[in-house]
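Asks: Quick one: the structure is below, questions incoming.
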Amino acid sequence: MTTIAIDNVSRWFGNVVAVNDVTMNIGPGVTGLLGPNGAGKSTLINMMGGFLAPSTGSVTLDGDPIWRNEQAYRHIGIVPEREAMYDFLTGREFVIANAELHGLPDPRGAARKALDTVEMDYAGSRKIATYSKGMRQRVKMASALVHEPSVLLLDEPFNGMDPRQRMQLMDLLRRMGAEGRTVLFSSHILEEVEQLAAHIEVIVAGRHAASGDFRKIRRLMTDRPHRYLVRSSDDRALAAALIADPSTTGIEVDASTGVDGGLHIQAVDFARFTELLPRVARDQGIRLLTVSPSDESLESVFSYLVAA
Amino acid sequence: MSSLYHPTVARLTYRALLGRRRALILFTLPGLLLIISLAVRLLTGSDDGTADAILGGFAMATMVPLIGVIAGTGAIGPEIDDGSVIYLLAKPVKRPTIIVTKLIVAIGVTAAFSAIPTLLAGFVLNGNANQLAVGYAVAAAVASVAYSAVFLLLGTVTRHAVIAGLVYALVWETFFGSVVAGARKLSVQQWALALGQKVADGDVITSDVGLATGVILLLVVTVGATWYAGRKLRSLTLAGEE
């Protein structure tokens with residue numbers, strides 16, 4: 001049982017707050033760290049990996065601080081997001097070097113096993129410089145697994161991978177989680193996290209926005225107020241009919257762009273509203289010209305979670 | 001592992017140093033020195049004054065610091081720049097061990113590509129008369145140590161280590177030193193020459209500082225720079241690019 005405890009952690013860079021008073025525990029199994037780009041996921045992972053000191057609060061591995069504690073790396077394997085490796089080495093040489101740096105008794109044996117695990121043994125004697133992105137990712141994995149760590153930290157591991165590589169890596173991480181390792185990976189794609197992680201931590205604008213299993217997170221995300229832009233043959237009549245229903249909480253007539261500026265509608269009950277709108281239009285004899293969600297960006301989905 | 005030397009770190013460092021394109025300069029400069037020396041010897045014969053001018057003016061003043069910049073900054077700078085240093089840092093290896101190992105490799109490479117060619121050039125130029133070749137080779141070797149430490153530190157603290165190193169090596173040591181007399185007292189080159197002077201016969205090699213001053217300053221700079229580089233590496237922050 002290995003647990004990373006993040007306790008009231010903030011981290012700022014100059015005047016910019018990257019992580020704002022976050023508290024979470026990452027335990028065995030696969031955990032997904034979900035958030036839009038720039039939310040502070042990498043900052044958090046860097047602190048868990050001991051490459052950044054928290055400005056306040058503490059990041060500990062089973063009670064020991066990770067910052068400035070080289071011994072913590074006996075238990076942690078890190079798969080960085082950045083591509084750079086020792087490109088002049090072969091994959092096997094690289095993994096062996098990692099094993100030696102860990103002081104393992106049989107570096108070659110450990111490297112062979114790790115390369116086997118990521119199915120890269122066949123390309124082990126090729127130079128890393130010749131590897132594809134997916135192969136690099138797998139060799140990075142092998143180097144992180146070579147000392148059989150109980151914690152695995154991966155920063156955006158699926159970035160730039162093709163679907164097949166993605167599936168392979170997901171299988172591998174699932175296996176690691178099932179073996180009782182603490183696996184944490186970051187991603188800005190909900191579907192990715194949903195497929196893999198039993199437990200999800202959501203981070204938005206440096207804040208810990210939500211925590212739970214993917215069903216809970218999914219529900220939070222669909223239950224939020226939705227905003228729509230609707231244009232019709234009679235905006236004002238439509239607005240009057242819609243506002244009478246409790247599924248809407250606000251309607252604004254957009255007069256800025258002239259006559260058919262349309263309506264900005266805020267709906268709180270997603271299911272009910274999507275059923276209401278066409279019915280009201282039909283009953284009132286109004287033609288709907290445009291119906292489009294105006295804030296489906298991940299950013300707005302997430303910022304709703306922060307407020308919730 | 002409590003030793004200050006890690007063979008794996010050393011292997012990765014020298015392979016990176018000798019594998020990069022800038023390593024070509026490591027071969028070019030000593031090659032140039034030997035060609036010039038050979039040409040001068042053939043054209044003007046053996047002459048202490050000429051030998052001193054070439055070994056002091058080119059080998060010590062230009063070649064040694066340049067090779068020091070390449071080996072010293074190259075031993076760690078590129079790894080920090082591209083982030084691959086993470087593979088060294090995320091290990092149960094003490095950070096000072098990483099620095100000292102890299103320093104040893106940088107010293108080895110700098111000395112191999114500067115002190116040895118200087119010695120050879122000295123023999124070519126005047127057959128080591130008055131111990132001139134040995135004197136300059138010793139000075140080059142000693143300077144290699146201090147340069148490596150200083151430039152390794154630069155590589156640890158700034159992304160512009162090569163530029164900063166070149167500015168120091170060429171502007172401070174070469175140009176400034178020839179204009180402002182005081183600047184010469186604060187120069188790795190002069191401190192190392194103080195040792196060279198001691199080794200060579202007579203006063204063929206000259207230095208602006210005394211032997212004791214030179215040795216003390218060399219030690220202070222080498223130890224200080226190495227200690228500080230180890231400290232910086234301990235709190236090295238890998239800025240997350242999101």
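Starting from 1 in every chain, residues are counted up; chains themselves are A, B, ... following the order of the structure tokens, and ligands are numbered from 1 as listed.
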Show me, as a PyMOL selection string, the residues that have an atom within 6 Å of region 58-74 of chain B when counting only C-alpha atoms, minus same-chain residues fewer than 6 positions from it.

Replies: chain B and resi 106+110+114+147-148+151-152+155+165+169

Asks: Please build the interface table for chain B against chain A with a cut-off of 10 Å, listing for each qualifying residue the nearest atom pair and the distance in Å to one decimal; count only C-alpha atoms, order rows by chain and increasing number, and write it as a Markdown table.

Replies:
```
| residue | atom | partner | partner_atom | distance |
| --- | --- | --- | --- | --- |
| B:Met1 | CA | A:Gly103 | CA | 8.0 |
| B:His6 | CA | A:Leu101 | CA | 8.2 |
| B:Pro7 | CA | A:Glu100 | CA | 9.0 |
| B:Thr8 | CA | A:Ala97 | CA | 6.3 |
| B:Val9 | CA | A:Leu101 | CA | 7.8 |
| B:Arg11 | CA | A:Ala97 | CA | 9.0 |
| B:Leu12 | CA | A:Tyr86 | CA | 8.0 |
| B:Arg15 | CA | A:Phe88 | CA | 8.0 |
| B:Ala16 | CA | A:Phe88 | CA | 7.5 |
| B:Gly19 | CA | A:Phe88 | CA | 7.4 |
| B:Arg20 | CA | A:Phe88 | CA | 9.1 |
| B:Glu79 | CA | A:Ala84 | CA | 8.5 |
| B:Asp81 | CA | A:Ala84 | CA | 9.5 |
| B:Asp82 | CA | A:Ala84 | CA | 5.8 |
| B:Gly83 | CA | A:Ala84 | CA | 6.2 |
| B:Ser84 | CA | A:Met85 | CA | 5.1 |
| B:Val85 | CA | A:Met85 | CA | 8.4 |
| B:Ile86 | CA | A:Pro80 | CA | 8.0 |
| B:Tyr87 | CA | A:Asn98 | CA | 7.2 |
| B:Leu88 | CA | A:Leu101 | CA | 7.3 |
| B:Leu89 | CA | A:Glu70 | CA | 7.9 |
| B:Ala90 | CA | A:Tyr73 | CA | 5.8 |
| B:Lys91 | CA | A:Tyr73 | CA | 5.2 |
| B:Pro92 | CA | A:Glu70 | CA | 4.6 |
| B:Val93 | CA | A:Glu70 | CA | 6.4 |
| B:Lys94 | CA | A:Glu70 | CA | 6.6 |
| B:Arg95 | CA | A:Glu70 | CA | 8.3 |
| B:Arg234 | CA | A:Arg68 | CA | 6.5 |
| B:Ser235 | CA | A:Arg68 | CA | 7.1 |
| B:Leu236 | CA | A:Phe51 | CA | 6.9 |
| B:Thr237 | CA | A:Leu52 | CA | 5.2 |
| B:Leu238 | CA | A:Phe51 | CA | 5.8 |
| B:Ala239 | CA | A:Thr43 | CA | 7.9 |
| B:Gly240 | CA | A:Ser42 | CA | 5.5 |
| B:Glu241 | CA | A:Ser42 | CA | 7.3 |
| B:Glu242 | CA | A:Gly38 | CA | 5.2 |
```

Asks: Just checking: using only C-alpha atoms, which residue out of A:Tyr122, A:Gly180, A:Leu172, A:Gly32 ends up closest to Thr3 (chain A)?

Replies: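 Checking each of A:Tyr122, A:Gly180, A:Leu172, A:Gly32 against Thr3 (chain A), counting only C-alpha atoms, the winner is A:Gly180.
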
Asks: Using DSSP on the backbone coordinates, identify all residues within region 38-224 of chain B classified as helix (DSSP H, G or I); present the result as a PyMOL selection string.

Replies: chain B and resi 38-44+48-74+77-82+86-89+95-126+129-157+161-179+181-185+188-199+211-224

Asks: By how many Å are CA of Leu145 (chain A) and CA of Arg126 (chain A) apart?

Replies: 19.7 Å

Asks: Need the shell around Val139 (chain A): protein/DNA/RNA residues with any atom at most 10 Å away, counting only C-alpha atoms. Skip same-chain ones fewer than 4 positions apart. Format as a CSV table (one decimal) with N, CA and C atoms, in the first residue's frame?

Replies:
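Contents of around-v6.csv, freshly written:
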```
chain,number,residue,atom,x,y,z
A,79,VAL,N,7.0,8.8,-15.7
A,79,VAL,CA,7.0,8.9,-17.2
A,79,VAL,C,6.8,10.4,-17.6
A,85,MET,N,15.1,12.1,-24.5
A,85,MET,CA,15.7,11.0,-23.8
A,85,MET,C,17.2,11.0,-24.3
A,91,GLY,N,17.5,1.6,-27.1
A,91,GLY,CA,16.4,1.4,-26.1
A,91,GLY,C,16.9,0.6,-24.9
A,92,ARG,N,17.6,-0.5,-25.3
A,92,ARG,CA,18.0,-1.4,-24.2
A,92,ARG,C,19.1,-0.7,-23.3
A,94,PHE,N,19.4,2.3,-22.8
A,94,PHE,CA,18.8,3.4,-22.0
A,94,PHE,C,18.1,2.8,-20.7
A,95,VAL,N,17.4,1.7,-20.9
A,95,VAL,CA,16.7,1.0,-19.8
A,95,VAL,C,17.7,0.4,-18.8
A,114,ALA,N,11.6,-5.4,-18.1
A,114,ALA,CA,10.8,-4.1,-18.3
A,114,ALA,C,10.5,-4.0,-19.8
A,115,LEU,N,11.4,-4.2,-20.7
A,115,LEU,CA,11.2,-4.1,-22.1
A,115,LEU,C,10.2,-5.1,-22.6
A,118,VAL,N,6.6,-3.9,-21.8
A,118,VAL,CA,6.0,-2.9,-22.7
A,118,VAL,C,6.1,-3.4,-24.2
A,119,GLU,N,6.5,-4.7,-24.4
A,119,GLU,CA,6.6,-5.3,-25.7
A,119,GLU,C,7.5,-4.5,-26.6
A,120,MET,N,8.7,-4.1,-26.1
A,120,MET,CA,9.6,-3.4,-26.9
A,120,MET,C,10.9,-4.1,-27.0
A,121,ASP,N,10.9,-5.4,-26.6
A,121,ASP,CA,12.2,-6.1,-26.7
A,121,ASP,C,12.7,-6.2,-28.1
A,123,ALA,N,12.7,-4.1,-30.4
A,123,ALA,CA,13.4,-2.9,-30.9
A,123,ALA,C,14.5,-2.5,-30.0
A,124,GLY,N,14.8,-3.3,-29.0
A,124,GLY,CA,15.8,-2.9,-28.0
A,124,GLY,C,17.2,-2.5,-28.4
A,128,ILE,N,17.4,5.1,-29.9
A,128,ILE,CA,16.2,5.7,-29.6
A,128,ILE,C,15.8,6.8,-30.6
A,131,TYR,N,13.2,5.9,-33.1
A,131,TYR,CA,11.9,5.4,-32.6
A,131,TYR,C,10.8,6.3,-33.0
A,133,LYS,N,7.0,7.9,-32.0
A,133,LYS,CA,6.5,8.5,-30.7
A,133,LYS,C,5.9,7.4,-29.8
A,134,GLY,N,5.2,6.5,-30.3
A,134,GLY,CA,4.6,5.4,-29.5
A,134,GLY,C,5.7,4.5,-28.9
A,135,MET,N,6.8,4.3,-29.7
A,135,MET,CA,7.9,3.5,-29.2
A,135,MET,C,8.6,4.2,-28.1
A,143,SER,N,11.6,2.4,-18.7
A,143,SER,CA,12.6,2.9,-17.8
A,143,SER,C,12.0,3.3,-16.5
A,144,ALA,N,10.7,3.6,-16.5
A,144,ALA,CA,10.0,3.9,-15.2
A,144,ALA,C,9.6,2.7,-14.4
A,145,LEU,N,9.5,1.5,-15.1
A,145,LEU,CA,9.1,0.3,-14.5
A,145,LEU,C,10.2,-0.6,-14.0
```

Asks: I'd like the contact shell of Val157 (chain B) - 9 Å cut-off, only C-alpha atoms, skipping same-chain residues fewer than 6 positions apart - returned as an NGL selection string.

Replies: :B and (77 or 229 or 232-233 or 236)

Asks: Those selected residues, please, written with C-alpha atoms and delivered as a PDB file, in the first residue's frame.

Replies:
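This is the output file selection-v8.pdb:
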```
ATOM      1  CA  GLY B  77      23.478  22.024 -19.956  1.00  0.00           C
ATOM      2  CA  ALA B 229      26.283  23.487  -8.684  1.00  0.00           C
ATOM      3  CA  LYS B 232      21.437  24.170  -7.470  1.00  0.00           C
ATOM      4  CA  LEU B 233      20.836  20.689  -8.803  1.00  0.00           C
ATOM      5  CA  LEU B 236      16.400  22.131  -9.678  1.00  0.00           C
TER       6      LEU B 236
END
```

Asks: When you look at Ile216 (chain B) with a cut-off of 12 Å (counting only C-alpha atoms), what residues show up, excluding the ones that are within fewer than 3 positions of it in the same chain? I need them as number ranges by chain.

Replies: B: 146, 188, 191-192, 194-195, 209-213, 219-224

Asks: How would the residues just chosen look if you wrote them out with C-alpha atoms as a PDB file, in the first residue's frame?

Replies:
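The file below, part18.pdb, is the result:
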```
ATOM      1  CA  ALA B 146      38.859  25.187 -12.770  1.00  0.00           C
ATOM      2  CA  VAL B 188      41.756  31.231 -14.298  1.00  0.00           C
ATOM      3  CA  TRP B 191      46.307  31.416 -11.839  1.00  0.00           C
ATOM      4  CA  ALA B 192      47.129  28.341 -13.898  1.00  0.00           C
ATOM      5  CA  ALA B 194      51.479  30.710 -12.018  1.00  0.00           C
ATOM      6  CA  LEU B 195      51.817  26.945 -11.706  1.00  0.00           C
ATOM      7  CA  VAL B 209      49.744  36.376  -9.741  1.00  0.00           C
ATOM      8  CA  GLY B 210      52.052  34.605  -7.362  1.00  0.00           C
ATOM      9  CA  LEU B 211      52.071  30.821  -6.980  1.00  0.00           C
ATOM     10  CA  ALA B 212      50.308  30.735  -3.611  1.00  0.00           C
ATOM     11  CA  THR B 213      47.619  33.164  -4.715  1.00  0.00           C
ATOM     12  CA  LEU B 219      40.982  25.749  -5.273  1.00  0.00           C
ATOM     13  CA  VAL B 220      38.420  28.237  -4.038  1.00  0.00           C
ATOM     14  CA  VAL B 221      36.835  28.617  -7.455  1.00  0.00           C
ATOM     15  CA  THR B 222      36.794  24.891  -8.221  1.00  0.00           C
ATOM     16  CA  VAL B 223      35.415  23.790  -4.888  1.00  0.00           C
ATOM     17  CA  GLY B 224      33.016  26.716  -4.618  1.00  0.00           C
TER      18      GLY B 224
END
```

Asks: Env of Phe214 (chain A): 7 Å cut, atoms = only C-alpha atoms, seq-sep filter 5 positions within chain, self excluded. Answer as a PyMOL selection string.

Replies: chain A and resi 194+198-200

Asks: May I ask for the distance between CA of Gly35 (chain A) and CA of Arg174 (chain A), given in Å to one decimal place?

Replies: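 We find that CA of Gly35 (chain A) and CA of Arg174 (chain A) lie 20.7 Å from each other.
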
Asks: For Gly57 (chain A), please output as a PyMOL selection string all residues within 7 Å (counting only C-alpha atoms; exclusion window: fewer than 2 positions along the same chain).

Replies: chain A and resi 7-10+54-55

Asks: Would you work out the distance separating CA of Ile243 (chain A) from CA of Ile265 (chain A), expressed in Å to one decimal?

Replies: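 Separation between CA of Ile243 (chain A) and CA of Ile265 (chain A): 9.1 Å.
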
Asks: Tell me which of B:Gly196, B:Gly214, B:Gly230, B:Gly202 sits closest to Arg184 (chain B), counting only C-alpha atoms.

Replies: B:Gly214
